[in-house]
>>> print(open('final-v2.cif').read())   # mmCIF, C-alpha atoms
data_coords
loop_
_atom_site.label_atom_id
_atom_site.label_comp_id
_atom_site.auth_asym_id
_atom_site.auth_seq_id
_atom_site.Cartn_x
_atom_site.Cartn_y
_atom_site.Cartn_z
CA MET A 7 -4.50 19.08 -12.48
CA THR A 8 -3.87 17.27 -15.75
CA THR A 9 -7.09 15.73 -17.06
CA SER A 10 -6.33 15.43 -20.75
CA GLN A 11 -3.35 14.72 -22.88
CA ASP A 12 -1.72 16.98 -25.40
CA PRO A 13 -2.67 15.42 -28.76
CA ALA A 14 0.90 15.97 -29.94
CA HIS A 15 2.24 13.94 -27.04
CA ALA A 16 1.06 10.32 -26.84
CA PRO A 17 1.28 8.74 -23.36
CA SER A 18 4.62 7.03 -22.86
CA PRO A 19 6.53 5.21 -20.10
CA ALA A 20 8.96 8.13 -20.31
CA ASP A 21 6.28 10.23 -18.56
CA PHE A 22 6.90 8.24 -15.37
CA SER A 23 10.24 7.82 -13.62
CA PHE A 24 12.00 7.28 -10.31
CA SER A 25 15.13 9.10 -9.26
CA LEU A 26 17.26 7.58 -6.51
CA GLU A 27 18.78 10.18 -4.18
CA ASN A 28 20.14 8.89 -0.85
CA ARG A 29 21.02 5.48 0.54
CA LEU A 30 20.68 4.27 4.08
CA GLU A 31 23.81 2.14 3.75
CA THR A 32 26.93 2.91 1.76
CA GLY A 33 29.80 0.69 0.72
CA GLY A 34 30.17 -3.05 1.20
CA THR A 35 28.18 -5.82 -0.40
CA LEU A 36 24.62 -6.51 0.66
CA GLY A 37 23.43 -9.78 -0.77
CA ARG A 38 24.23 -11.53 -3.99
CA SER A 39 23.13 -8.59 -6.15
CA GLU A 40 25.19 -6.16 -4.02
CA GLN A 41 22.34 -3.67 -3.71
CA PRO A 42 22.18 -1.07 -0.96
CA LEU A 43 19.27 -1.17 1.47
CA GLY A 44 16.94 1.70 2.39
CA ARG A 45 16.90 4.77 0.20
CA THR A 46 15.22 8.07 -0.53
CA GLY A 47 14.08 9.16 -3.94
CA THR A 48 11.40 10.85 -6.01
CA ILE A 49 8.64 9.22 -8.04
CA HIS A 50 7.74 11.48 -10.97
CA THR A 51 4.15 11.16 -12.24
CA PRO A 52 2.00 13.20 -14.65
CA HIS A 53 0.19 14.68 -11.63
CA GLY A 54 3.20 15.55 -9.51
CA ASP A 55 6.11 14.09 -7.57
CA ILE A 56 6.18 11.81 -4.53
CA GLN A 57 9.15 12.14 -2.21
CA THR A 58 10.02 8.70 -0.89
CA PRO A 59 9.82 6.93 1.47
CA ALA A 60 6.18 7.99 1.67
CA PHE A 61 2.99 6.76 3.31
CA ILE A 62 0.04 6.89 0.92
CA PRO A 63 -3.35 7.44 2.64
CA VAL A 64 -6.07 5.06 1.44
CA GLY A 65 -9.19 6.52 -0.16
CA THR A 66 -10.93 3.21 -0.82
CA LYS A 67 -14.03 4.57 -2.56
CA ALA A 68 -12.41 7.75 -3.93
CA THR A 69 -12.40 9.34 -0.49
CA VAL A 70 -10.23 9.11 2.60
CA LYS A 71 -13.10 8.46 4.96
CA SER A 72 -14.31 11.57 6.81
CA LEU A 73 -11.66 13.86 5.25
CA LEU A 74 -11.78 16.47 2.49
CA PRO A 75 -9.07 16.04 -0.17
CA ALA A 76 -7.73 19.46 0.85
CA THR A 77 -7.35 18.15 4.39
CA VAL A 78 -5.29 15.21 3.14
CA THR A 79 -2.98 17.71 1.45
CA GLU A 80 -2.75 19.81 4.62
CA LEU A 81 -1.75 16.82 6.74
CA GLY A 82 1.08 16.03 4.31
CA GLY A 83 -0.41 13.32 2.11
CA GLN A 84 1.42 13.29 -1.22
CA ALA A 85 -0.87 10.83 -3.01
CA VAL A 86 -3.95 8.70 -2.36
CA LEU A 87 -4.72 5.08 -3.17
CA ALA A 88 -8.22 4.00 -4.22
CA ASN A 89 -9.67 0.53 -4.61
CA ALA A 90 -10.40 -0.76 -8.11
CA TYR A 91 -12.73 -3.49 -6.84
CA HIS A 92 -14.95 -1.12 -4.86
CA LEU A 93 -15.03 1.58 -7.55
CA PHE A 94 -15.87 -1.04 -10.18
CA LEU A 95 -18.89 -2.10 -8.13
CA GLN A 96 -19.90 1.46 -7.19
CA PRO A 97 -20.25 3.88 -8.95
CA GLY A 98 -18.66 1.99 -11.87
CA SER A 99 -15.30 2.61 -13.50
CA ASP A 100 -17.08 4.00 -16.57
CA ILE A 101 -18.58 6.77 -14.44
CA VAL A 102 -15.16 7.72 -13.07
CA ASP A 103 -13.78 7.70 -16.61
CA GLU A 104 -16.53 10.02 -17.85
CA ALA A 105 -15.80 12.34 -14.92
CA GLY A 106 -12.23 12.73 -16.15
CA GLY A 107 -10.51 10.10 -14.03
CA LEU A 108 -10.08 9.42 -10.34
CA GLY A 109 -8.31 12.67 -9.44
CA LYS A 110 -10.88 14.92 -11.06
CA PHE A 111 -13.78 12.80 -9.81
CA MET A 112 -12.70 13.22 -6.17
CA ASN A 113 -11.20 16.72 -6.58
CA TRP A 114 -7.67 15.55 -5.78
CA SER A 115 -4.94 17.25 -7.79
CA GLY A 116 -1.98 15.07 -6.77
CA PRO A 117 -0.78 11.60 -7.79
CA THR A 118 -3.14 8.64 -7.43
CA PHE A 119 -2.79 4.87 -7.08
CA THR A 120 -5.34 2.10 -7.63
CA ASP A 121 -4.83 -1.51 -6.64
CA SER A 122 -5.82 -4.29 -9.02
CA GLY A 123 -8.80 -5.62 -7.11
CA GLY A 124 -7.03 -8.95 -6.66
CA PHE A 125 -6.87 -8.80 -2.88
CA GLN A 126 -10.51 -7.74 -2.44
CA VAL A 127 -11.79 -10.35 -4.88
CA MET A 128 -10.05 -13.04 -2.82
CA SER A 129 -10.45 -11.68 0.70
CA LEU A 130 -14.08 -10.60 0.46
CA GLY A 131 -14.95 -13.86 -1.25
CA VAL A 132 -13.23 -15.92 1.43
CA GLY A 133 -13.91 -13.73 4.45
CA PHE A 134 -10.36 -12.87 5.48
CA LYS A 135 -9.70 -9.36 6.69
CA LYS A 136 -6.86 -7.23 5.36
CA VAL A 137 -4.05 -8.22 7.70
CA ILE A 138 -0.38 -8.89 7.19
CA SER A 139 -0.54 -12.35 8.72
CA MET A 140 -3.19 -15.01 8.26
CA THR A 141 -1.91 -17.16 11.11
CA GLU A 142 -4.93 -16.21 13.20
CA HIS A 143 -6.87 -18.58 10.93
CA GLU A 144 -4.58 -21.58 11.40
CA HIS A 145 -6.80 -22.93 14.14
CA ALA A 146 -10.05 -21.60 12.76
CA PRO A 147 -13.28 -23.26 13.92
CA ALA A 148 -14.90 -25.84 11.72
CA GLU A 149 -17.62 -23.47 10.53
CA VAL A 150 -15.00 -21.01 9.25
CA ILE A 151 -13.17 -23.77 7.40
CA ALA A 152 -16.45 -24.94 5.90
CA ARG A 153 -17.29 -21.42 4.79
CA ASN A 154 -13.89 -21.06 3.18
CA LYS A 155 -14.53 -24.22 1.16
CA GLU A 156 -17.62 -22.51 -0.20
CA ARG A 157 -15.85 -19.30 -1.00
CA LEU A 158 -17.49 -16.66 -3.14
CA ALA A 159 -14.37 -16.26 -5.30
CA HIS A 160 -13.28 -19.06 -7.62
CA VAL A 161 -9.86 -18.99 -9.28
CA ASP A 162 -9.07 -20.59 -12.62
CA GLU A 163 -6.28 -20.10 -15.15
CA ASP A 164 -8.10 -17.29 -16.93
CA GLY A 165 -9.15 -15.23 -13.90
CA VAL A 166 -11.50 -15.09 -10.93
CA THR A 167 -15.29 -15.34 -10.75
CA PHE A 168 -16.77 -13.72 -7.67
CA LYS A 169 -19.96 -12.40 -6.12
CA SER A 170 -20.39 -8.76 -5.17
CA PHE A 171 -20.32 -8.22 -1.43
CA ILE A 172 -22.93 -5.48 -1.99
CA ASN A 173 -25.75 -7.39 -3.66
CA GLY A 174 -24.48 -10.84 -4.58
CA ASP A 175 -24.25 -10.14 -8.32
CA ARG A 176 -21.75 -12.36 -10.11
CA HIS A 177 -18.72 -10.74 -11.77
CA ARG A 178 -15.51 -11.90 -13.38
CA PHE A 179 -12.05 -10.33 -13.19
CA THR A 180 -9.28 -11.35 -15.55
CA PRO A 181 -5.93 -9.62 -16.02
CA GLU A 182 -7.39 -7.85 -19.03
CA VAL A 183 -10.53 -6.73 -17.18
CA SER A 184 -8.47 -5.40 -14.26
CA MET A 185 -6.32 -3.38 -16.65
CA GLN A 186 -9.37 -2.01 -18.45
CA ILE A 187 -10.99 -0.99 -15.16
CA GLN A 188 -7.85 0.66 -13.85
CA HIS A 189 -7.29 2.54 -17.09
CA GLN A 190 -10.84 3.86 -16.84
CA LEU A 191 -10.17 4.92 -13.26
CA GLY A 192 -7.12 6.78 -14.56
CA ALA A 193 -4.70 6.55 -11.62
CA ASP A 194 -1.05 7.46 -12.12
CA ILE A 195 0.09 4.12 -10.66
CA ILE A 196 -1.83 0.89 -11.16
CA PHE A 197 -1.09 -2.71 -10.21
CA ALA A 198 -1.06 -5.96 -12.16
CA PHE A 199 -3.80 -8.45 -11.33
CA ASP A 200 -2.45 -11.10 -8.99
CA GLU A 201 -3.70 -13.98 -6.90
CA CYS A 202 -3.43 -13.13 -3.22
CA THR A 203 -2.97 -16.29 -1.17
CA THR A 204 -2.94 -16.78 2.61
CA LEU A 205 -0.66 -18.66 4.94
CA LEU A 206 -3.32 -21.38 5.05
CA ASN A 207 -2.44 -22.38 1.51
CA THR A 208 -0.01 -25.28 1.08
CA ARG A 209 3.48 -24.94 -0.36
CA ALA A 210 2.28 -26.69 -3.53
CA TYR A 211 -0.55 -24.21 -3.95
CA GLN A 212 1.80 -21.27 -3.35
CA GLU A 213 4.04 -22.58 -6.13
CA ASP A 214 1.09 -22.86 -8.52
CA SER A 215 -0.16 -19.43 -7.53
CA VAL A 216 3.20 -17.71 -8.10
CA ALA A 217 3.39 -19.29 -11.55
CA ARG A 218 -0.19 -18.29 -12.34
CA THR A 219 0.40 -14.72 -11.16
CA ALA A 220 3.44 -14.56 -13.46
CA ARG A 221 1.34 -15.68 -16.43
CA TRP A 222 -1.29 -13.10 -15.52
CA ALA A 223 1.43 -10.46 -15.26
CA VAL A 224 2.40 -10.98 -18.92
CA ARG A 225 -1.23 -10.57 -19.92
CA CYS A 226 -1.44 -7.39 -17.83
CA LEU A 227 1.59 -5.96 -19.65
CA ASP A 228 0.01 -6.66 -23.02
CA GLU A 229 -3.38 -5.21 -22.10
CA HIS A 230 -1.72 -2.22 -20.44
CA ALA A 231 0.17 -1.49 -23.66
CA ALA A 232 -3.04 -1.80 -25.69
CA GLN A 233 -4.99 0.48 -23.35
CA THR A 234 -2.18 3.04 -23.31
CA ASN A 235 -2.21 3.09 -27.10
CA ASP A 236 -6.01 3.31 -27.33
CA ARG A 237 -6.37 6.01 -24.67
CA ALA A 238 -3.96 8.62 -25.96
CA HIS A 239 -6.22 11.35 -24.55
CA ARG A 240 -5.18 10.38 -21.01
CA PRO A 241 -1.80 10.77 -19.24
CA TYR A 242 0.46 7.75 -18.96
CA GLN A 243 -0.33 5.28 -16.18
CA ALA A 244 2.57 3.37 -14.62
CA LEU A 245 2.05 -0.36 -14.15
CA PHE A 246 3.54 -2.15 -11.13
CA GLY A 247 3.99 -5.92 -11.05
CA VAL A 248 3.06 -7.60 -7.75
CA VAL A 249 5.42 -10.02 -5.99
CA GLN A 250 3.80 -12.94 -4.19
CA GLY A 251 5.31 -16.09 -2.64
CA ALA A 252 4.17 -15.97 1.01
CA GLN A 253 7.02 -16.76 3.43
CA TYR A 254 9.17 -18.86 1.08
CA GLU A 255 12.47 -17.25 0.17
CA ASP A 256 12.90 -19.15 -3.08
CA LEU A 257 9.37 -18.29 -4.26
CA ARG A 258 9.71 -14.62 -3.32
CA ARG A 259 13.05 -14.31 -5.09
CA GLN A 260 11.77 -16.24 -8.10
CA ALA A 261 8.68 -14.05 -8.37
CA ALA A 262 10.63 -10.80 -7.96
CA SER A 263 13.38 -11.65 -10.43
CA GLY A 264 10.83 -12.92 -12.94
CA LEU A 265 8.82 -9.71 -12.82
CA ALA A 266 11.99 -7.60 -13.00
CA GLN A 267 12.96 -9.23 -16.30
CA MET A 268 9.46 -9.61 -17.72
CA THR A 269 8.16 -8.01 -20.89
CA GLY A 270 4.83 -8.46 -22.59
CA ALA A 271 4.32 -11.36 -24.98
CA GLN A 272 2.86 -9.07 -27.65
CA ALA A 273 4.28 -5.70 -26.61
CA THR A 274 7.86 -6.85 -26.23
CA ASP A 275 9.17 -3.42 -25.24
CA GLN A 276 6.68 -3.04 -22.36
CA SER A 277 8.07 -3.84 -18.91
CA PHE A 278 6.92 -2.96 -15.40
CA ASP A 279 7.42 0.61 -14.24
CA GLY A 280 7.68 -0.43 -10.59
CA PHE A 281 6.77 -3.23 -8.24
CA GLY A 282 4.34 -4.02 -5.47
CA ILE A 283 5.08 -6.42 -2.63
CA GLY A 284 1.96 -8.25 -1.51
CA GLY A 285 0.69 -11.45 0.01
CA ALA A 286 0.30 -12.84 3.49
CA LEU A 287 3.34 -13.00 5.72
CA GLU A 288 4.24 -13.17 9.38
CA LYS A 289 4.69 -9.72 10.87
CA SER A 290 7.95 -10.84 12.49
CA GLU A 291 9.35 -11.70 9.05
CA LEU A 292 8.27 -8.56 7.23
CA GLY A 293 11.71 -6.96 7.04
CA THR A 294 13.43 -10.18 5.99
CA ILE A 295 10.90 -10.96 3.26
CA THR A 296 10.95 -7.40 1.96
CA GLY A 297 14.73 -7.67 1.83
CA TRP A 298 14.60 -10.86 -0.24
CA VAL A 299 12.29 -9.18 -2.74
CA CYS A 300 14.17 -5.88 -2.96
CA ASP A 301 17.42 -7.80 -3.42
CA GLU A 302 16.03 -9.10 -6.73
CA LEU A 303 14.46 -5.86 -7.98
CA PRO A 304 16.19 -3.13 -9.99
CA GLU A 305 17.37 -0.10 -8.05
CA ASN A 306 15.99 2.37 -10.58
CA LYS A 307 12.32 1.47 -10.11
CA PRO A 308 10.07 2.15 -7.10
CA ARG A 309 8.77 -0.54 -4.72
CA HIS A 310 5.41 -0.30 -2.98
CA LEU A 311 4.66 -2.48 0.05
CA LEU A 312 0.93 -3.09 0.17
CA GLY A 313 -1.03 -2.81 3.39
CA ILE A 314 1.27 -1.68 6.24
CA SER A 315 1.31 1.34 8.54
CA GLU A 316 2.47 0.28 12.01
CA PRO A 317 5.62 2.16 13.08
CA ASP A 318 7.75 -0.97 13.61
CA ASP A 319 6.72 -2.34 10.21
CA LEU A 320 7.56 0.94 8.51
CA PHE A 321 11.08 1.05 9.95
CA ALA A 322 11.67 -2.61 9.01
CA ALA A 323 10.34 -2.21 5.47
CA ILE A 324 12.19 1.03 4.75
CA ALA A 325 15.44 -0.42 6.05
CA ALA A 326 14.91 -3.37 3.68
CA GLY A 327 14.43 -1.15 0.63
CA ALA A 328 10.70 -0.40 0.22
CA ASP A 329 9.71 3.09 -0.95
CA THR A 330 5.97 3.62 -0.50
CA PHE A 331 3.23 2.11 1.65
CA ASP A 332 -0.53 2.19 2.06
CA CYS A 333 -2.94 0.94 4.70
CA VAL A 334 -6.49 1.57 5.88
CA ALA A 335 -5.49 1.10 9.53
CA PRO A 336 -4.83 4.75 10.51
CA SER A 337 -8.30 5.91 9.41
CA ARG A 338 -10.12 2.73 10.46
CA GLN A 339 -8.63 2.77 13.95
CA ALA A 340 -9.28 6.50 14.27
CA ARG A 341 -12.98 5.96 13.67
CA GLY A 342 -12.96 3.59 16.64
CA GLY A 343 -11.20 6.11 18.87
CA SER A 344 -7.76 4.47 18.81
CA MET A 345 -5.16 7.19 18.40
CA TYR A 346 -1.43 7.00 17.76
CA SER A 347 1.00 8.71 20.12
CA PRO A 348 4.77 8.52 20.69
CA SER A 349 4.21 6.46 23.85
CA GLY A 350 1.68 4.03 22.39
CA ARG A 351 -2.01 4.01 21.56
CA ILE A 352 -4.43 6.37 23.29
CA ASN A 353 -8.12 5.48 23.59
CA ALA A 354 -10.01 8.70 23.03
CA LYS A 355 -13.10 7.09 24.56
CA ALA A 356 -11.37 6.20 27.82
CA ALA A 357 -12.41 7.86 31.06
CA ALA A 358 -8.90 9.28 31.46
CA GLN A 359 -9.63 11.66 28.57
CA LYS A 360 -12.87 13.02 30.03
CA ARG A 361 -11.11 15.89 31.80
CA ASN A 362 -8.02 16.15 29.63
CA PHE A 363 -8.17 19.82 28.67
CA GLY A 364 -4.88 19.67 26.83
CA PRO A 365 -4.21 18.16 23.39
CA LEU A 366 -4.55 14.42 23.06
CA ASP A 367 -0.90 14.30 21.93
CA PRO A 368 1.06 17.34 23.20
CA VAL A 369 3.93 16.88 20.71
CA CYS A 370 1.75 16.42 17.62
CA ASP A 371 1.54 19.21 15.05
CA CYS A 372 -1.74 18.10 13.44
CA PHE A 373 -4.78 20.37 13.16
CA THR A 374 -6.65 18.32 15.76
CA CYS A 375 -3.98 18.47 18.45
CA GLU A 376 -3.30 22.14 17.82
CA ASN A 377 -6.97 23.14 18.12
CA TYR A 378 -8.88 20.60 20.23
CA THR A 379 -8.56 18.89 23.59
CA GLY A 380 -8.67 15.28 24.59
CA ALA A 381 -11.81 16.08 26.57
CA TYR A 382 -13.55 17.40 23.47
CA LEU A 383 -12.60 14.34 21.42
CA HIS A 384 -13.84 12.12 24.26
CA HIS A 385 -17.15 14.01 24.24
CA LEU A 386 -17.53 13.67 20.45
CA PHE A 387 -17.00 9.92 20.54
CA LYS A 388 -19.33 9.41 23.49
CA ALA A 389 -21.97 11.57 21.81
CA LYS A 390 -21.44 9.67 18.54
CA GLU A 391 -20.86 12.89 16.64
CA MET A 392 -19.50 12.63 13.08
CA LEU A 393 -16.82 15.20 13.81
CA ALA A 394 -15.11 12.63 16.05
CA SER A 395 -14.12 10.57 13.00
CA THR A 396 -12.82 13.62 11.15
CA LEU A 397 -10.63 14.94 13.96
CA ALA A 398 -9.33 11.50 14.93
CA THR A 399 -8.53 10.59 11.33
CA ILE A 400 -6.66 13.85 10.79
CA HIS A 401 -4.47 12.98 13.78
CA ASN A 402 -3.77 9.35 12.85
CA GLU A 403 -3.04 10.04 9.19
CA ARG A 404 -0.80 12.97 10.10
CA TYR A 405 1.02 10.87 12.69
CA ILE A 406 1.97 8.14 10.18
CA VAL A 407 2.67 10.53 7.29
CA ARG A 408 4.90 12.63 9.56
CA LEU A 409 6.68 9.55 10.91
CA VAL A 410 7.63 8.42 7.40
CA ASP A 411 8.71 11.97 6.57
CA ARG A 412 10.99 11.88 9.63
CA ILE A 413 12.38 8.53 8.51
CA ARG A 414 13.15 10.00 5.09
CA ALA A 415 14.95 12.92 6.73
CA SER A 416 16.89 10.51 8.96
CA ILE A 417 18.20 8.62 5.92
CA ILE A 418 19.37 11.89 4.43
CA ASP A 419 21.21 13.03 7.56
CA ASP A 420 22.35 9.52 8.56
CA THR A 421 20.41 9.30 11.84
CA PHE A 422 18.10 6.42 10.89
CA ALA A 423 19.24 4.04 13.63
CA GLU A 424 18.92 6.71 16.30
CA LEU A 425 15.42 7.66 15.16
CA ARG A 426 14.34 4.01 14.99
CA ASP A 427 15.59 3.31 18.51
CA GLU A 428 13.97 6.47 19.86
CA VAL A 429 10.56 5.95 18.21
CA LEU A 430 10.25 2.22 18.80
CA GLY A 431 11.65 2.51 22.31
CA ARG A 432 8.95 5.01 23.27
CA GLN A 433 6.22 3.31 21.26
CA TYR A 434 6.76 -0.28 22.36
CA GLY A 435 9.50 -0.26 24.99
CA VAL A 436 13.31 -0.29 25.01
CA GLU A 437 13.55 -4.08 24.78
CA PHE A 438 11.33 -4.11 21.69
CA ALA A 439 13.52 -1.46 20.03
CA ARG A 440 16.64 -3.48 20.82
CA THR A 441 15.10 -6.63 19.32
CA ALA A 442 14.03 -4.69 16.21
CA ALA A 443 17.58 -3.40 15.74
CA GLU A 444 18.98 -6.92 16.11
CA LYS A 445 16.49 -8.31 13.57
CA ALA A 446 17.44 -5.57 11.12
CA SER A 447 21.10 -6.48 11.49
CA GLN A 448 20.35 -10.17 10.99
CA ALA A 449 18.23 -9.44 7.92
CA GLN A 450 21.15 -7.54 6.40
CA SER A 451 23.58 -10.35 7.11
CA VAL A 452 21.46 -13.05 5.47
CA ARG A 453 21.35 -11.01 2.27
#
>>> encode(input="final-v2.cif", output="structure tokens")
Amino acid sequence: MTTSQDPAHAPSPADFSFSLENRLETGGTLGRSEQPLGRTGTIHTPHGDIQTPAFIPVGTKATVKSLLPATVTELGGQAVLANAYHLFLQPGSDIVDEAGGLGKFMNWSGPTFTDSGGFQVMSLGVGFKKVISMTEHEHAPAEVIARNKERLAHVDEDGVTFKSFINGDRHRFTPEVSMQIQHQLGADIIFAFDECTTLLNTRAYQEDSVARTARWAVRCLDEHAAQTNDRAHRPYQALFGVVQGAQYEDLRRQAASGLAQMTGAQATDQSFDGFGIGGALEKSELGTITGWVCDELPENKPRHLLGISEPDDLFAAIAAGADTFDCVAPSRQARGGSMYSPSGRINAKAAAQKRNFGPLDPVCDCFTCENYTGAYLHHLFKAKEMLASTLATIHNERYIVRLVDRIRASIIDDTFAELRDEVLGRQYGVEFARTAAEKASQAQSVR
């Protein structure tokens, strides 16, 4: 693993690239910028390549919970994503830096991502969980609304002041601070500091927030250039701009096109190496909104959709042009005994598993399903044994990683639609798969 930089070779954007290889659609015009939709490619980083589309397991605190890094490799994980907010609070980004960076600190030799901390600063200060849609809060009880008015995170033009969820200490993140923290963490791909809104926010606030995030993005570019120059002993870190705009087409397109053309105010030759797609949105509109954004972004740079892992969302997002994804859901749900399978979720704690002496998922190729029975998993969960989390997480992470690998292969051999109909039909029902296919067609036509 690379932990230091050749003194003769200063870190440069040229050390990071994306090569486009296959397209889901060929010919015709797709939207005003005439860009194709889903694609396969390779992200080249100083610590290795990522074949896309790819699901990136989340190692929030420099660990995918309950798994060894070697296990993540064995289940097919190509990279891991850690959380800048959490690592800033504990153990401290300076500690990770002294250890040689995130990869060396956690003994992971492959590519790494860190998010900016923007989502956690907002969500943990307000109390919203990490979900795609915030509509569950539209009719929130009065006490929730009152708590939100007394949020622990306060946004101003310069940045965000917030209280630690660990001990209540007060901290402040600005675009410059986020860049400094992420450079200390040393991930191959980092994200610009953005304001993450919810669907509770008004249209006027969304407009202000998109504009503010754009101003912060310029500051991130400048600080990123300065940090890259000052830290020539470390490999180059690619900076992704983050597209916000909630469910408004004009705001999403405006934000995406602005970031695509943006350069730093001081470092005029510094532009974004890729793009993240964030913010609250209705699950039913995920594919359409991703399509709006990808329609405005350059084809030669990668696009990361933050926070999704459900099979239907993955098919929709990949068809719309997204390349990589991350989400805590596979590991979080595994720790609760909720396991993915081709025919829907399986509850490992359910009585039906008590005497299941076959694998929990007979068609799965993961270590858990090849070596342990549903009855044993049921026993581990009921006995509250730690091994339950490990075996369940191996299965869930492998299931999603493998699914995205299959989607990538289907784009290459032109069987995407057949795979989508098969997987979603078994997972959610034939009618659901038919509706998903119709929505995908409609999303293409509106572009």
>>> closest_residue(input="final-v2.cif", among="A:Leu320, A:Ile314, A:Ala231, A:Leu383", to="A:Asp411", atoms="all atoms listed in the file")
A:Leu320
>>> residues_around(input="final-v2.cif", residues="A:Asn89", least_positions_apart="6", cutoff="6 Å", atoms="only C-alpha atoms", output="PyMOL selection string")
chain A and resi 66+120-121
>>> write_last_selection(input="final-v2.cif", atoms="C-alpha atoms", output="compact mmCIF listing (two decimals), in the coordinates of the input")
# COMPACT_ATOMS: atom_id res chain seq x y z
CA THR A 66 -10.93 3.21 -0.82
CA THR A 120 -5.34 2.10 -7.63
CA ASP A 121 -4.83 -1.51 -6.64
>>> resolve_selection(input="final-v2.cif", expression="the PyMOL selection byres ((chain A and resi 300) around 8)", output="MDAnalysis selection string")
chainID A and resid 262 296:299 301:304 309 326:328
>>> closest_atom_pairs(input="final-v2.cif", of="stretch 74-111 of chain A", to="stretch 191-211 of chain A", cutoff="10 Å", atoms="all atoms listed in the file", output="Markdown table")
| residue | atom | partner | partner_atom | distance |
| --- | --- | --- | --- | --- |
| A:Ala85 | CA | A:Asp194 | CA | 9.7 |
| A:Val86 | CA | A:Ala193 | CA | 9.5 |
| A:Leu87 | CA | A:Ala193 | CA | 8.6 |
| A:Ala88 | CA | A:Ala193 | CA | 8.6 |
| A:Asn89 | CA | A:Leu191 | CA | 9.7 |
| A:Ala90 | CA | A:Leu191 | CA | 7.7 |
| A:Leu93 | CA | A:Leu191 | CA | 8.2 |
| A:Phe94 | CA | A:Leu191 | CA | 8.8 |
| A:Gly98 | CA | A:Leu191 | CA | 9.1 |
| A:Ser99 | CA | A:Leu191 | CA | 5.6 |
| A:Asp100 | CA | A:Leu191 | CA | 7.7 |
| A:Ile101 | CA | A:Leu191 | CA | 8.7 |
| A:Val102 | CA | A:Leu191 | CA | 5.7 |
| A:Asp103 | CA | A:Leu191 | CA | 5.7 |
| A:Glu104 | CA | A:Leu191 | CA | 9.4 |
| A:Ala105 | CA | A:Leu191 | CA | 9.5 |
| A:Gly106 | CA | A:Gly192 | CA | 8.0 |
| A:Gly107 | CA | A:Gly192 | CA | 4.8 |
| A:Leu108 | CA | A:Leu191 | CA | 5.4 |
| A:Gly109 | CA | A:Ala193 | CA | 7.4 |
| A:Lys110 | CA | A:Gly192 | CA | 9.6 |
| A:Phe111 | CA | A:Leu191 | CA | 9.3 |
>>> closest_residue(input="final-v2.cif", among="A:Ile283, A:Leu227, A:Ala271, A:Leu386", to="A:Gly251", atoms="only C-alpha atoms")
A:Ile283
>>> atom_distance(input="final-v2.cif", atom1="atom CA of A:Gly123", atom2="atom CA of A:Leu245")
14.0 Å
>>> atom_distance(input="final-v2.cif", atom1="atom CA of A:Gln260", atom2="atom CA of A:Leu311")
17.5 Å
>>> atom_distance(input="final-v2.cif", atom1="atom CA of A:Ala286", atom2="atom CA of A:Ala217")
16.7 Å
>>> residues_around(input="final-v2.cif", residues="A:Gly82", least_positions_apart="6", cutoff="10 Å", atoms="all atoms listed in the file", output="PyMOL selection string")
chain A and resi 60-63+372+403-408+411
>>> write_last_selection(input="final-v2.cif", atoms="C-alpha atoms", output="short mmCIF file (atom, residue, chain, number, x, y, z; two decimals), keeping the file's coordinate frame")
data_model
loop_
_atom_site.label_atom_id
_atom_site.label_comp_id
_atom_site.auth_asym_id
_atom_site.auth_seq_id
_atom_site.Cartn_x
_atom_site.Cartn_y
_atom_site.Cartn_z
CA ALA A 60 6.18 7.99 1.67
CA PHE A 61 2.99 6.76 3.31
CA ILE A 62 0.04 6.89 0.92
CA PRO A 63 -3.35 7.44 2.64
CA CYS A 372 -1.74 18.10 13.44
CA GLU A 403 -3.04 10.04 9.19
CA ARG A 404 -0.80 12.97 10.10
CA TYR A 405 1.02 10.87 12.69
CA ILE A 406 1.97 8.14 10.18
CA VAL A 407 2.67 10.53 7.29
CA ARG A 408 4.90 12.63 9.56
CA ASP A 411 8.71 11.97 6.57
#
>>> resolve_selection(input="final-v2.cif", expression="the PyMOL selection byres ((chain A and resi 373-375) around 10)", output="list in words")
Thr77, Glu80, Leu81, Gly364, Pro365, Leu366, Asp367, Pro368, Val369, Cys370, Asp371, Cys372, Glu376, Asn377, Tyr378, Thr379, Gly380, Leu383, Thr396, Leu397, Ala398, Thr399, Ile400, His401, Asn402 and Arg404 of chain A
>>> resolve_selection(input="final-v2.cif", expression="the PyMOL selection byres ((chain A and resi 14-27) around 9)", output="ChimeraX atom specification")
/A:11-13,28-29,45-52,194,234-235,237-244,276,279-280,305-308,418
>>> residues_around(input="final-v2.cif", residues="A:Gln272", least_positions_apart="5", cutoff="10 Å", atoms="all atoms listed in the file", output="ChimeraX atom specification")
/A:224-225,227-229,231-232
>>> write_last_selection(input="final-v2.cif", atoms="C-alpha atoms", output="PDB file, keeping the file's coordinate frame")
ATOM      1  CA  VAL A 224       2.400 -10.980 -18.920  1.00  0.00           C
ATOM      2  CA  ARG A 225      -1.230 -10.570 -19.920  1.00  0.00           C
ATOM      3  CA  LEU A 227       1.590  -5.960 -19.650  1.00  0.00           C
ATOM      4  CA  ASP A 228       0.010  -6.660 -23.020  1.00  0.00           C
ATOM      5  CA  GLU A 229      -3.380  -5.210 -22.100  1.00  0.00           C
ATOM      6  CA  ALA A 231       0.170  -1.490 -23.660  1.00  0.00           C
ATOM      7  CA  ALA A 232      -3.040  -1.800 -25.690  1.00  0.00           C
TER       8      ALA A 232
END
>>> residues_around(input="final-v2.cif", residues="A:Leu312", least_positions_apart="2", cutoff="8 Å", atoms="all atoms listed in the file", output="ChimeraX atom specification")
/A:282-284,310,314,331-333
